[in-house]
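Peer 1: See entry-v5.cif below, with mmCIF, C-alpha atoms and all ligand atoms.
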data_data
loop_
_atom_site.label_atom_id
_atom_site.label_comp_id
_atom_site.auth_asym_id
_atom_site.auth_seq_id
_atom_site.Cartn_x
_atom_site.Cartn_y
_atom_site.Cartn_z
CA MET A 1 141.01 81.21 113.29
CA TYR A 2 143.85 79.18 114.75
CA ARG A 3 143.79 78.91 118.54
CA ARG A 4 146.78 77.75 120.42
CA GLN A 5 146.10 74.74 122.59
CA ILE A 6 147.38 75.10 126.12
CA VAL A 7 147.04 72.26 128.60
CA ILE A 8 147.66 72.26 132.33
CA THR A 9 148.65 69.04 134.01
CA HIS A 10 148.17 68.73 137.76
CA TYR A 11 149.77 65.88 139.75
CA ARG A 12 146.91 66.08 142.19
CA LYS A 13 147.95 63.20 144.45
CA LYS A 14 151.00 65.21 145.51
CA CYS A 15 149.04 68.41 146.22
CA ILE A 16 149.49 69.67 149.78
CA GLY A 17 146.54 72.07 149.59
CA CYS A 18 148.53 75.23 150.22
CA GLY A 19 146.13 77.29 148.09
CA VAL A 20 148.79 79.23 146.18
CA CYS A 21 147.46 78.28 142.74
CA ALA A 22 143.86 79.21 143.60
CA SER A 23 145.06 82.50 145.01
CA ILE A 24 147.08 83.43 141.92
CA ALA A 25 144.73 82.00 139.28
CA PRO A 26 141.23 81.80 140.81
CA HIS A 27 139.65 81.55 137.33
CA THR A 28 141.40 78.20 136.80
CA TRP A 29 141.73 76.68 140.28
CA GLU A 30 139.59 76.17 143.35
CA MET A 31 140.24 74.38 146.60
CA ASP A 32 138.28 71.20 147.30
CA ASP A 33 136.02 71.45 150.36
CA GLU A 34 136.40 67.75 151.09
CA ASP A 35 140.05 66.82 150.76
CA GLY A 36 141.54 70.31 150.77
CA LYS A 37 143.48 69.82 147.56
CA ALA A 38 143.37 72.03 144.48
CA ASN A 39 140.99 71.31 141.62
CA LEU A 40 141.27 72.48 138.05
CA PHE A 41 138.04 73.84 136.61
CA GLU A 42 136.89 71.38 133.94
CA GLY A 43 139.76 69.11 134.83
CA ILE A 44 139.76 65.64 133.31
CA PRO A 45 141.36 62.89 135.42
CA ASN A 46 143.83 60.73 133.52
CA ARG A 47 145.56 58.08 135.63
CA GLU A 48 147.88 59.91 138.04
CA VAL A 49 147.10 63.42 136.81
CA VAL A 50 144.29 65.82 135.99
CA ASN A 51 144.40 67.79 132.73
CA ALA A 52 142.55 70.92 131.70
CA ARG A 53 142.68 73.18 128.69
CA ILE A 54 143.14 76.87 129.30
CA THR A 55 143.00 79.88 127.04
CA ALA A 56 145.88 82.23 126.32
CA ASP A 57 144.37 85.03 128.42
CA VAL A 58 144.96 83.06 131.64
CA LEU A 59 148.35 81.66 130.66
CA LYS A 60 150.33 84.33 132.50
CA ASP A 61 148.59 83.74 135.84
CA ASN A 62 148.89 79.99 135.48
CA THR A 63 152.56 80.20 134.59
CA GLU A 64 153.06 82.12 137.82
CA ALA A 65 151.00 79.55 139.73
CA ALA A 66 153.16 76.78 138.31
CA ASP A 67 156.31 78.68 139.27
CA GLN A 68 155.04 79.33 142.79
CA CYS A 69 153.63 75.87 143.54
CA PRO A 70 155.85 74.61 146.36
CA GLU A 71 155.52 71.02 145.19
CA GLY A 72 156.25 71.73 141.54
CA ILE A 73 153.25 69.67 140.47
CA ILE A 74 151.72 72.02 137.90
CA GLN A 75 152.94 71.69 134.34
CA ILE A 76 151.88 73.72 131.36
CA SER A 77 152.31 72.53 127.79
CA GLN A 78 151.53 74.45 124.65
S1 LIG A 101 150.08 75.48 144.62
FE1 LIG A 101 150.57 73.32 144.23
S2 LIG A 101 150.56 72.30 146.23
FE2 LIG A 101 149.58 74.28 146.50
S3 LIG A 101 147.38 73.86 146.26
FE3 LIG A 101 148.14 74.43 144.23
S4 LIG A 101 148.74 72.51 143.22
FE4 LIG A 101 148.51 72.08 145.43
#
I need this file expressed as structure tokens, please.
Ligand code: SF4
Peer 2:
Amino acid sequence: MYRRQIVITHYRKKCIGCGVCASIAPHTWEMDDEDGKANLFEGIPNREVVNARITADVLKDNTEAADQCPEGIIQISQ
């Protein structure tokens, strides 16, 4: 069965640790105890960003998180 590939890109260096993403989409994001920034579950660092695949069932929450992120540093591509 064909599964759509959805990827989140997080410009983590610019994260201010406000916690909005983890509040809206706690299945995808958690706050880092050490530096206070957001982490993507199963995120893979790639130069300046961190990428993670998500499934379609959490796309809606993550789209809202991206819209609400005050720094505009969450991008979703599909
Ligand atoms: S909403 Fe944006 S700035 Fe706030 S913690 Fe998440 S990624 Fe960082």
Peer 1: Quick check, in Å to one decimal: how far apart do atom CA of Leu59 of chain A and atom CA of Ile76 of chain A lie?
Peer 2: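 Distance reported for this atom pair: 8.7 Å.
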Peer 1: Compute the distance from (147.3, 69.1, 136.0) to each atom, counting all atoms listed in the file, keep the residues with any atom at most 6 Å away, and return them as a list of chain:residue names; use the coordinates of the file.
Peer 2: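 I get A:Ile8, A:Thr9, A:His10, A:Tyr11, A:Val49, A:Val50, A:Asn51, A:Ile74 for the residues within 6 Å of that point.
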Peer 1: How would you write, as number ranges by chain, the set of residues no farther than 9 Å from ligand LIG 101 (chain A) when counting only C-alpha atoms and all ligand atoms?
Peer 2: A: 10-24, 29-31, 36-39, 65-74
Peer 1: For those residues, write C-alpha atoms to a file as a PDB file, in the frame of the given file.
Peer 2:
ATOM      1  CA  HIS A  10     148.170  68.730 137.760  1.00  0.00           C
ATOM      2  CA  TYR A  11     149.770  65.880 139.750  1.00  0.00           C
ATOM      3  CA  ARG A  12     146.910  66.080 142.190  1.00  0.00           C
ATOM      4  CA  LYS A  13     147.950  63.200 144.450  1.00  0.00           C
ATOM      5  CA  LYS A  14     151.000  65.210 145.510  1.00  0.00           C
ATOM      6  CA  CYS A  15     149.040  68.410 146.220  1.00  0.00           C
ATOM      7  CA  ILE A  16     149.490  69.670 149.780  1.00  0.00           C
ATOM      8  CA  GLY A  17     146.540  72.070 149.590  1.00  0.00           C
ATOM      9  CA  CYS A  18     148.530  75.230 150.220  1.00  0.00           C
ATOM     10  CA  GLY A  19     146.130  77.290 148.090  1.00  0.00           C
ATOM     11  CA  VAL A  20     148.790  79.230 146.180  1.00  0.00           C
ATOM     12  CA  CYS A  21     147.460  78.280 142.740  1.00  0.00           C
ATOM     13  CA  ALA A  22     143.860  79.210 143.600  1.00  0.00           C
ATOM     14  CA  SER A  23     145.060  82.500 145.010  1.00  0.00           C
ATOM     15  CA  ILE A  24     147.080  83.430 141.920  1.00  0.00           C
ATOM     16  CA  TRP A  29     141.730  76.680 140.280  1.00  0.00           C
ATOM     17  CA  GLU A  30     139.590  76.170 143.350  1.00  0.00           C
ATOM     18  CA  MET A  31     140.240  74.380 146.600  1.00  0.00           C
ATOM     19  CA  GLY A  36     141.540  70.310 150.770  1.00  0.00           C
ATOM     20  CA  LYS A  37     143.480  69.820 147.560  1.00  0.00           C
ATOM     21  CA  ALA A  38     143.370  72.030 144.480  1.00  0.00           C
ATOM     22  CA  ASN A  39     140.990  71.310 141.620  1.00  0.00           C
ATOM     23  CA  ALA A  65     151.000  79.550 139.730  1.00  0.00           C
ATOM     24  CA  ALA A  66     153.160  76.780 138.310  1.00  0.00           C
ATOM     25  CA  ASP A  67     156.310  78.680 139.270  1.00  0.00           C
ATOM     26  CA  GLN A  68     155.040  79.330 142.790  1.00  0.00           C
ATOM     27  CA  CYS A  69     153.630  75.870 143.540  1.00  0.00           C
ATOM     28  CA  PRO A  70     155.850  74.610 146.360  1.00  0.00           C
ATOM     29  CA  GLU A  71     155.520  71.020 145.190  1.00  0.00           C
ATOM     30  CA  GLY A  72     156.250  71.730 141.540  1.00  0.00           C
ATOM     31  CA  ILE A  73     153.250  69.670 140.470  1.00  0.00           C
ATOM     32  CA  ILE A  74     151.720  72.020 137.900  1.00  0.00           C
TER      33      ILE A  74
END
Peer 1: Would you work out the distance separating atom CA of Ala56 of chain A from atom CA of Ala25 of chain A, expressed in Å to one decimal?
Peer 2: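 Rounded to one decimal, the two atoms are 13.0 Å apart.
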Peer 1: Neighbouring residues of Gln78 of chain A were defined as those with any atom within 7 Å, considering all atoms listed in the file; residues of the same chain fewer than 5 positions away were excluded. Please report them as number ranges by chain.
Peer 2: A: 5-7
Peer 1: Interatomic distance between atom CA of Asp61 of chain A and atom CA of Glu34 of chain A?
Peer 2: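 Between atom CA of Asp61 of chain A and atom CA of Glu34 of chain A the gap is 25.2 Å.
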Peer 1: Using only C-alpha atoms, which of the listed residues (A:Thr28, A:Thr55, A:Asn62, A:Gln75) sits closest to Arg4 of chain A?
Peer 2: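 Among the listed residues, the smallest separation from Arg4 of chain A belongs to A:Thr55.
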Peer 1: Go ahead and fit an axis-aligned box to every listed atom of segment 36-44 of chain A plus 8 Å each side, and pass me the centre and edge lengths in Å, one decimal, as AutoDock Vina command-line options.
Peer 2:
--center_x 140.2 --center_y 69.7 --center_z 142.0 --size_x 22.6 --size_y 24.2 --size_z 33.5
